[in-house]
Amino acid sequence: MTPLQFEAQHVAAWQELEAALAPASRKRKSAPADRARVAALYRAACEHLAMAESRSYPVWLIERLEALTSRGHQLIYRQADFGIDKLRRLFAVDFPRAVRAHRLQVLIALAAFAGPLLVVGVLSYFDPSLILSLQDASSVEQYEGMYGDPDGPIGRRNAASDWGMFGFYIRNNIGVAFQCFAGGLFFGIGSLFAVAFNAVQIGSTAGYLTWRGFGANFYPFVITHGAFELTGIVLAGAAGLILGHALLVPGRRSRLAALEHAARGAIVIVYGMTAMFAIAAVLEAFWSSARWVPASVKIGVGAACWVAVIAYFFFQGRPRGGPAGAP
Amino acid sequence: MTASPSAVESRLDTRYAAETPEGIALWLRPAGIVPRLYAYLVDIAIRFVFYSISFLFLALLGTFGEGLALVLFFLLEWLYPVAFELSSGAATPGKRMLGLTVVMDSGLPITPAASLTRNLLRAADFLPSLYAFGLISMLFRHDFKRLGDLAAGTLVVHAPRTEFLLGTPPPALARAPAVPLTARAQAAVVAWAGRVTRLTDARADELAEIAVPVVAPRAMGGDRVAALVGVAHWLLGRR
């Protein structure tokens, strides 16, 4: 068969596939019959390409078929990875399960967080001047203004700035968490540093404010969103450590393959941790700072949040009738 | 495709084949630093303009607008590439302008998880400053992956062309070759005929001079180009 005969015989099918792949026709929802037709046309085009190559047909034919098949391939193998079902499954099963599956990295991140937090917290309580070597004087002054107000339970700010603070928490905290994850690419060192750095900041602030006697203002403020934010920091660090761990201990894979594999698990934790920071931002901006809520209620709700978060990671997403402790 | 590329060619040529389940090869042509840098600059400019315009309006709303501006800034900073890479072109506007697209290194369309991974790890590529680690990684690799691409298993490639350099041969009187031609020789004659319109007359004639003595010896004295194009037509099936 000559190239021209070949082209004449199949050009109608190619044109039909080209039309189906055009951006305009991809916009509208296609019926299942159409999709089956596109798949059949795509397989036929693949076959034509293989024949054209083995018969050394002219380059323009081969290039046309190559372009056609590669565009068809992109369309046919596109994953429908979004959707409510996927999202529900992510938070009901995948996220808590991924956290449990990487308990080593989570525990290391927890140690890198809780250790400095407690040590620096206790040290700054007994030696309040320490905070000045860890944070600059102007932020310490700011804490005084924020939590030192004797009138209200939390002398934070007026309600109008809640939105401003919400934006700040989203941009700043989630940005820092993403950087903490990315730092894991440097054998985990970046993540460990980011986690410990945050722990030192929080620990010194808490220790100092407790020494100043502002604990009654400070703790009701932080307890609720802390349940999400502090766990979020630990999980961001853990996600980074998963990458670092794969590079340091690749096991039976090459380092690159191990990194790729680990990233697929880590990104699930990144999804979840981003959601936790978003929850924390909402709580911190609109609930923690609310003057109309009595401190005792905040403590109660905060404690409930802590219990819920911890229970979520221990029990959620386990197979039914599985090991002891499953709901 | 017909002949396996030599060792030198495969070291020089950055394109590589990803095999599909249908048994065909998808040729991926990884994009190097320069087009990706241009695409990045275009994207920066787009984001800057968008952010400045929306900031003008949000500034009217006081602290509420300030909060929204920060959320917007966060989204533009981290999720702008993700949103565009998951849309149908699989590329940010800058990449689209440069004819680039992002795929998995298996040739498959990019997954949401991979897109998020490669774009969050930008923070690592950026270090110590101005994407230094990303650039070093790209320079050392045959497929120009930056660190984020390595972890996500993604590749920035030149999008498949929709217009081709090789056209159909110009019209000429079909004539049979004097000797039977091998498949490779046939392909060479047809490929040459497809390029004739883009060659200067002298160059076309110079190339024809190599083939004509064998393929159509009687046309040596006359219009060699027309004779060889005629052979190409005959080979294509116009007889």
# chains A, B, ... in the order shown; residues from 1 in each chain; ligands from 1
>>> interface_residues(of="chain B", to="chain A", cutoff="7 Å", atoms="only C-alpha atoms", output="PyMOL selection string")
chain B and resi 22+24+26+63-64+66-68+70-71+74+108-109+111-113+117+120-121+123-124+150-153+160-162+166-167+183-184+187+190-191+236-237
>>> residues_around(residues="B:Asp43", least_positions_apart="3", cutoff="8 Å", atoms="only C-alpha atoms", output="PDB file with N, CA and C atoms, in the first residue's frame")
ATOM      1  N   ALA B  39       9.317  31.617  30.404  1.00  0.00           N
ATOM      2  CA  ALA B  39       7.957  31.309  30.853  1.00  0.00           C
ATOM      3  C   ALA B  39       7.761  31.782  32.289  1.00  0.00           C
ATOM      4  N   TYR B  40       8.786  31.572  33.102  1.00  0.00           N
ATOM      5  CA  TYR B  40       8.698  31.972  34.517  1.00  0.00           C
ATOM      6  C   TYR B  40       8.544  33.485  34.629  1.00  0.00           C
ATOM      7  N   ILE B  46       2.573  38.371  34.920  1.00  0.00           N
ATOM      8  CA  ILE B  46       1.112  38.231  34.962  1.00  0.00           C
ATOM      9  C   ILE B  46       0.620  38.337  36.393  1.00  0.00           C
ATOM     10  N   ARG B  47       1.304  37.623  37.293  1.00  0.00           N
ATOM     11  CA  ARG B  47       0.878  37.645  38.690  1.00  0.00           C
ATOM     12  C   ARG B  47       1.023  39.038  39.281  1.00  0.00           C
ATOM     13  N   THR B  92       1.075  26.800  32.750  1.00  0.00           N
ATOM     14  CA  THR B  92       0.743  28.163  33.144  1.00  0.00           C
ATOM     15  C   THR B  92       0.720  29.030  31.887  1.00  0.00           C
ATOM     16  N   PRO B  93       0.099  30.211  31.950  1.00  0.00           N
ATOM     17  CA  PRO B  93       0.059  31.063  30.746  1.00  0.00           C
ATOM     18  C   PRO B  93       1.446  31.318  30.169  1.00  0.00           C
ATOM     19  N   GLY B  94       2.448  31.493  31.036  1.00  0.00           N
ATOM     20  CA  GLY B  94       3.809  31.724  30.537  1.00  0.00           C
ATOM     21  C   GLY B  94       4.321  30.534  29.753  1.00  0.00           C
TER      22      GLY B  94
END
>>> residues_around(residues="stretch 132-134 of chain B", least_positions_apart="4", cutoff="12 Å", atoms="only C-alpha atoms", output="list in words")
Leu185 and Phe186 of chain A; Gly32, Ile33, Arg36, Leu37, Arg118, Asn119, Leu121, Arg122, Ala123, Ala124, Asp125, Phe126, Leu127, Pro128, Met138, Leu139, Phe140, Arg141, Phe144, Lys145, Arg146, Leu147, Gly148, Asp149 and Leu150 of chain B
>>> write_last_selection(atoms="N, CA and C atoms", output="PDB file, in the first residue's frame")
ATOM      1  N   LEU A 185      13.836  18.227  51.443  1.00  0.00           N
ATOM      2  CA  LEU A 185      14.604  17.767  50.292  1.00  0.00           C
ATOM      3  C   LEU A 185      16.110  17.783  50.579  1.00  0.00           C
ATOM      4  N   PHE A 186      16.509  18.582  51.571  1.00  0.00           N
ATOM      5  CA  PHE A 186      17.928  18.624  51.925  1.00  0.00           C
ATOM      6  C   PHE A 186      18.180  17.633  53.056  1.00  0.00           C
TER       7      PHE A 186
ATOM      8  N   GLY B  32      14.597  23.088  28.059  1.00  0.00           N
ATOM      9  CA  GLY B  32      15.779  23.509  28.809  1.00  0.00           C
ATOM     10  C   GLY B  32      15.539  24.763  29.630  1.00  0.00           C
ATOM     11  N   ILE B  33      16.639  25.309  30.123  1.00  0.00           N
ATOM     12  CA  ILE B  33      16.555  26.415  31.072  1.00  0.00           C
ATOM     13  C   ILE B  33      15.959  27.660  30.434  1.00  0.00           C
ATOM     14  N   ARG B  36      12.183  27.889  29.830  1.00  0.00           N
ATOM     15  CA  ARG B  36      11.502  27.829  31.136  1.00  0.00           C
ATOM     16  C   ARG B  36      11.700  29.119  31.907  1.00  0.00           C
ATOM     17  N   LEU B  37      12.880  29.730  31.757  1.00  0.00           N
ATOM     18  CA  LEU B  37      13.120  31.013  32.421  1.00  0.00           C
ATOM     19  C   LEU B  37      12.185  32.077  31.853  1.00  0.00           C
ATOM     20  N   ARG B 118       5.541  19.286  42.831  1.00  0.00           N
ATOM     21  CA  ARG B 118       6.605  20.020  42.137  1.00  0.00           C
ATOM     22  C   ARG B 118       6.535  21.513  42.444  1.00  0.00           C
ATOM     23  N   ASN B 119       5.323  22.016  42.706  1.00  0.00           N
ATOM     24  CA  ASN B 119       5.226  23.448  42.947  1.00  0.00           C
ATOM     25  C   ASN B 119       5.504  23.831  44.396  1.00  0.00           C
ATOM     26  N   LEU B 121       7.735  22.219  46.162  1.00  0.00           N
ATOM     27  CA  LEU B 121       9.188  22.048  46.285  1.00  0.00           C
ATOM     28  C   LEU B 121       9.959  23.142  45.554  1.00  0.00           C
ATOM     29  N   ARG B 122       9.246  24.047  44.870  1.00  0.00           N
ATOM     30  CA  ARG B 122       9.857  25.254  44.356  1.00  0.00           C
ATOM     31  C   ARG B 122      10.664  25.946  45.444  1.00  0.00           C
ATOM     32  N   ALA B 123      10.123  25.907  46.672  1.00  0.00           N
ATOM     33  CA  ALA B 123      10.799  26.575  47.791  1.00  0.00           C
ATOM     34  C   ALA B 123      12.207  26.014  47.952  1.00  0.00           C
ATOM     35  N   ALA B 124      12.388  24.709  47.717  1.00  0.00           N
ATOM     36  CA  ALA B 124      13.722  24.109  47.827  1.00  0.00           C
ATOM     37  C   ALA B 124      14.565  24.464  46.607  1.00  0.00           C
ATOM     38  N   ASP B 125      13.934  24.525  45.428  1.00  0.00           N
ATOM     39  CA  ASP B 125      14.667  24.887  44.221  1.00  0.00           C
ATOM     40  C   ASP B 125      15.177  26.314  44.302  1.00  0.00           C
ATOM     41  N   PHE B 126      14.414  27.148  44.983  1.00  0.00           N
ATOM     42  CA  PHE B 126      14.737  28.573  45.032  1.00  0.00           C
ATOM     43  C   PHE B 126      16.015  28.824  45.828  1.00  0.00           C
ATOM     44  N   LEU B 127      16.268  27.968  46.819  1.00  0.00           N
ATOM     45  CA  LEU B 127      17.416  28.164  47.698  1.00  0.00           C
ATOM     46  C   LEU B 127      18.724  28.007  46.927  1.00  0.00           C
ATOM     47  N   PRO B 128      19.851  28.516  47.366  1.00  0.00           N
ATOM     48  CA  PRO B 128      19.968  29.539  48.413  1.00  0.00           C
ATOM     49  C   PRO B 128      19.378  30.878  47.987  1.00  0.00           C
ATOM     50  N   MET B 138      19.015  21.333  36.970  1.00  0.00           N
ATOM     51  CA  MET B 138      18.657  21.298  35.546  1.00  0.00           C
ATOM     52  C   MET B 138      19.898  21.165  34.666  1.00  0.00           C
ATOM     53  N   LEU B 139      20.968  21.859  35.065  1.00  0.00           N
ATOM     54  CA  LEU B 139      22.180  21.811  34.246  1.00  0.00           C
ATOM     55  C   LEU B 139      22.814  20.426  34.275  1.00  0.00           C
ATOM     56  N   PHE B 140      22.662  19.718  35.378  1.00  0.00           N
ATOM     57  CA  PHE B 140      23.320  18.430  35.493  1.00  0.00           C
ATOM     58  C   PHE B 140      22.530  17.309  34.855  1.00  0.00           C
ATOM     59  N   ARG B 141      21.299  17.597  34.480  1.00  0.00           N
ATOM     60  CA  ARG B 141      20.472  16.489  34.023  1.00  0.00           C
ATOM     61  C   ARG B 141      20.128  16.597  32.552  1.00  0.00           C
ATOM     62  N   PHE B 144      16.583  17.969  32.153  1.00  0.00           N
ATOM     63  CA  PHE B 144      16.337  19.302  32.721  1.00  0.00           C
ATOM     64  C   PHE B 144      15.308  19.298  33.841  1.00  0.00           C
ATOM     65  N   LYS B 145      15.396  18.320  34.740  1.00  0.00           N
ATOM     66  CA  LYS B 145      14.461  18.336  35.870  1.00  0.00           C
ATOM     67  C   LYS B 145      15.040  19.187  36.982  1.00  0.00           C
ATOM     68  N   ARG B 146      14.192  20.016  37.579  1.00  0.00           N
ATOM     69  CA  ARG B 146      14.637  20.672  38.799  1.00  0.00           C
ATOM     70  C   ARG B 146      14.262  19.766  39.973  1.00  0.00           C
ATOM     71  N   LEU B 147      14.629  20.186  41.198  1.00  0.00           N
ATOM     72  CA  LEU B 147      14.442  19.278  42.338  1.00  0.00           C
ATOM     73  C   LEU B 147      12.977  18.870  42.483  1.00  0.00           C
ATOM     74  N   GLY B 148      12.080  19.841  42.298  1.00  0.00           N
ATOM     75  CA  GLY B 148      10.657  19.535  42.416  1.00  0.00           C
ATOM     76  C   GLY B 148      10.217  18.509  41.386  1.00  0.00           C
ATOM     77  N   ASP B 149      10.768  18.600  40.184  1.00  0.00           N
ATOM     78  CA  ASP B 149      10.427  17.627  39.137  1.00  0.00           C
ATOM     79  C   ASP B 149      10.957  16.241  39.500  1.00  0.00           C
ATOM     80  N   LEU B 150      12.128  16.213  40.138  1.00  0.00           N
ATOM     81  CA  LEU B 150      12.701  14.921  40.525  1.00  0.00           C
ATOM     82  C   LEU B 150      11.785  14.212  41.519  1.00  0.00           C
TER      83      LEU B 150
END
>>> residues_around(residues="A:Phe95", least_positions_apart="2", cutoff="10 Å", atoms="only C-alpha atoms", output="PyMOL selection string")
chain A and resi 89-93+97-101+265-273+312-313+316-317
>>> write_last_selection(atoms="C-alpha atoms", output="tab-separated table (two decimals), in the first residue's frame")
chain	number	residue	atom	x	y	z
A	89	ARG	CA	-11.79	9.64	51.22
A	90	LEU	CA	-8.71	11.79	51.77
A	91	PHE	CA	-9.87	13.02	55.15
A	92	ALA	CA	-11.79	9.91	56.19
A	93	VAL	CA	-9.08	7.39	55.36
A	97	ARG	CA	-3.59	6.43	57.54
A	98	ALA	CA	-0.62	8.17	55.91
A	99	VAL	CA	0.23	9.77	59.25
A	100	ARG	CA	0.19	6.36	60.96
A	101	ALA	CA	2.15	4.76	58.14
A	265	GLY	CA	3.07	9.44	50.45
A	266	ALA	CA	4.24	12.78	51.83
A	267	ILE	CA	1.92	14.83	49.63
A	268	VAL	CA	-1.12	13.21	51.29
A	269	ILE	CA	0.13	14.54	54.62
A	270	VAL	CA	0.70	17.93	52.98
A	271	TYR	CA	-2.93	17.99	51.83
A	272	GLY	CA	-4.13	17.21	55.34
A	273	MET	CA	-1.75	19.56	57.08
A	312	TYR	CA	-8.58	11.36	64.67
A	313	PHE	CA	-4.99	10.36	64.05
A	316	GLN	CA	-9.86	7.37	61.96
A	317	GLY	CA	-9.59	5.36	58.78
>>> select_by_dssp(residues="stretch 99-129 of chain B", states="helix (DSSP H, G or I)", output="PDB file with N, CA and C atoms, in the first residue's frame")
ATOM      1  N   PRO B 112      -2.797  15.647  40.048  1.00  0.00           N
ATOM      2  CA  PRO B 112      -2.844  16.741  41.024  1.00  0.00           C
ATOM      3  C   PRO B 112      -1.746  16.617  42.086  1.00  0.00           C
ATOM      4  N   ALA B 113      -1.508  15.394  42.568  1.00  0.00           N
ATOM      5  CA  ALA B 113      -0.499  15.216  43.611  1.00  0.00           C
ATOM      6  C   ALA B 113       0.878  15.618  43.093  1.00  0.00           C
ATOM      7  N   ALA B 114       1.193  15.223  41.861  1.00  0.00           N
ATOM      8  CA  ALA B 114       2.508  15.548  41.308  1.00  0.00           C
ATOM      9  C   ALA B 114       2.640  17.045  41.080  1.00  0.00           C
ATOM     10  N   SER B 115       1.571  17.671  40.610  1.00  0.00           N
ATOM     11  CA  SER B 115       1.622  19.111  40.367  1.00  0.00           C
ATOM     12  C   SER B 115       1.861  19.856  41.673  1.00  0.00           C
ATOM     13  N   LEU B 116       1.138  19.450  42.724  1.00  0.00           N
ATOM     14  CA  LEU B 116       1.330  20.120  44.018  1.00  0.00           C
ATOM     15  C   LEU B 116       2.747  19.884  44.523  1.00  0.00           C
ATOM     16  N   THR B 117       3.238  18.646  44.393  1.00  0.00           N
ATOM     17  CA  THR B 117       4.589  18.345  44.866  1.00  0.00           C
ATOM     18  C   THR B 117       5.608  19.228  44.175  1.00  0.00           C
ATOM     19  N   ARG B 118       5.541  19.286  42.831  1.00  0.00           N
ATOM     20  CA  ARG B 118       6.605  20.020  42.137  1.00  0.00           C
ATOM     21  C   ARG B 118       6.535  21.513  42.444  1.00  0.00           C
ATOM     22  N   ASN B 119       5.323  22.016  42.706  1.00  0.00           N
ATOM     23  CA  ASN B 119       5.226  23.448  42.947  1.00  0.00           C
ATOM     24  C   ASN B 119       5.504  23.831  44.396  1.00  0.00           C
ATOM     25  N   LEU B 120       5.231  22.942  45.345  1.00  0.00           N
ATOM     26  CA  LEU B 120       5.615  23.255  46.724  1.00  0.00           C
ATOM     27  C   LEU B 120       7.130  23.157  46.872  1.00  0.00           C
ATOM     28  N   ARG B 122       9.246  24.047  44.870  1.00  0.00           N
ATOM     29  CA  ARG B 122       9.857  25.254  44.356  1.00  0.00           C
ATOM     30  C   ARG B 122      10.664  25.946  45.444  1.00  0.00           C
ATOM     31  N   ALA B 123      10.123  25.907  46.672  1.00  0.00           N
ATOM     32  CA  ALA B 123      10.799  26.575  47.791  1.00  0.00           C
ATOM     33  C   ALA B 123      12.207  26.014  47.952  1.00  0.00           C
ATOM     34  N   ALA B 124      12.388  24.709  47.717  1.00  0.00           N
ATOM     35  CA  ALA B 124      13.722  24.109  47.827  1.00  0.00           C
ATOM     36  C   ALA B 124      14.565  24.464  46.607  1.00  0.00           C
ATOM     37  N   ASP B 125      13.934  24.525  45.428  1.00  0.00           N
ATOM     38  CA  ASP B 125      14.667  24.887  44.221  1.00  0.00           C
ATOM     39  C   ASP B 125      15.177  26.314  44.302  1.00  0.00           C
ATOM     40  N   PHE B 126      14.414  27.148  44.983  1.00  0.00           N
ATOM     41  CA  PHE B 126      14.737  28.573  45.032  1.00  0.00           C
ATOM     42  C   PHE B 126      16.015  28.824  45.828  1.00  0.00           C
TER      43      PHE B 126
END
>>> decode(residues="stretch 158-185 of chain B", atoms="N, CA and C atoms", output="compact mmCIF listing (two decimals), in the first residue's frame")
# COMPACT_ATOMS: atom_id res chain seq x y z
N HIS B 158 8.43 20.43 25.53
CA HIS B 158 7.86 21.22 24.45
C HIS B 158 6.58 20.50 24.01
N ALA B 159 5.50 21.24 23.91
CA ALA B 159 4.22 20.64 23.54
C ALA B 159 4.34 20.02 22.15
N PRO B 160 3.60 18.93 21.90
CA PRO B 160 3.65 18.34 20.56
C PRO B 160 3.24 19.38 19.52
N ARG B 161 3.99 19.41 18.41
CA ARG B 161 3.69 20.41 17.40
C ARG B 161 2.38 20.09 16.72
N THR B 162 1.69 21.12 16.31
CA THR B 162 0.49 20.89 15.50
C THR B 162 0.73 21.33 14.07
N GLU B 163 1.80 22.11 13.82
CA GLU B 163 2.16 22.42 12.44
C GLU B 163 3.56 21.88 12.20
N PHE B 164 3.81 21.42 11.00
CA PHE B 164 5.03 20.66 10.76
C PHE B 164 5.90 21.33 9.74
N LEU B 165 7.21 21.14 9.91
CA LEU B 165 8.15 21.71 8.97
C LEU B 165 8.12 20.96 7.65
N LEU B 166 7.85 19.68 7.73
CA LEU B 166 7.88 18.88 6.51
C LEU B 166 6.50 18.82 5.91
N GLY B 167 6.37 19.41 4.72
CA GLY B 167 5.07 19.40 4.06
C GLY B 167 5.02 18.34 3.00
N THR B 168 3.99 18.45 2.20
CA THR B 168 3.92 17.53 1.05
C THR B 168 4.78 18.11 -0.07
N PRO B 169 5.30 17.27 -0.98
CA PRO B 169 6.17 17.76 -2.05
C PRO B 169 5.42 18.66 -3.01
N PRO B 170 6.14 19.59 -3.66
CA PRO B 170 5.49 20.45 -4.67
C PRO B 170 5.05 19.61 -5.86
N PRO B 171 4.09 20.11 -6.66
CA PRO B 171 3.61 19.29 -7.79
C PRO B 171 4.71 19.06 -8.82
N ALA B 172 4.74 17.87 -9.39
CA ALA B 172 5.70 17.52 -10.45
C ALA B 172 5.17 16.27 -11.13
N LEU B 173 5.69 16.01 -12.31
CA LEU B 173 5.26 14.83 -13.06
C LEU B 173 5.84 13.58 -12.40
N ALA B 174 4.95 12.62 -12.05
CA ALA B 174 5.45 11.40 -11.38
C ALA B 174 6.29 10.59 -12.34
N ARG B 175 7.39 10.03 -11.86
CA ARG B 175 8.19 9.14 -12.71
C ARG B 175 8.76 8.02 -11.84
N ALA B 176 8.81 6.82 -12.41
CA ALA B 176 9.27 5.65 -11.65
C ALA B 176 10.79 5.71 -11.50
N PRO B 177 11.31 5.28 -10.35
CA PRO B 177 12.77 5.23 -10.20
C PRO B 177 13.35 4.17 -11.12
N ALA B 178 14.60 4.41 -11.54
CA ALA B 178 15.26 3.49 -12.48
C ALA B 178 15.61 2.18 -11.81
N VAL B 179 15.89 2.22 -10.50
CA VAL B 179 16.23 0.99 -9.77
C VAL B 179 15.29 0.86 -8.58
N PRO B 180 15.05 -0.38 -8.09
CA PRO B 180 14.24 -0.52 -6.87
C PRO B 180 14.97 0.13 -5.71
N LEU B 181 14.23 0.86 -4.86
CA LEU B 181 14.83 1.57 -3.73
C LEU B 181 14.49 0.85 -2.43
N THR B 182 15.44 0.86 -1.51
CA THR B 182 15.15 0.29 -0.18
C THR B 182 14.19 1.23 0.55
N ALA B 183 13.61 0.73 1.63
CA ALA B 183 12.65 1.52 2.39
C ALA B 183 13.30 2.81 2.89
N ARG B 184 14.56 2.70 3.36
CA ARG B 184 15.23 3.90 3.88
C ARG B 184 15.50 4.91 2.78
N ALA B 185 15.89 4.40 1.60
CA ALA B 185 16.16 5.31 0.49
C ALA B 185 14.87 6.00 0.06
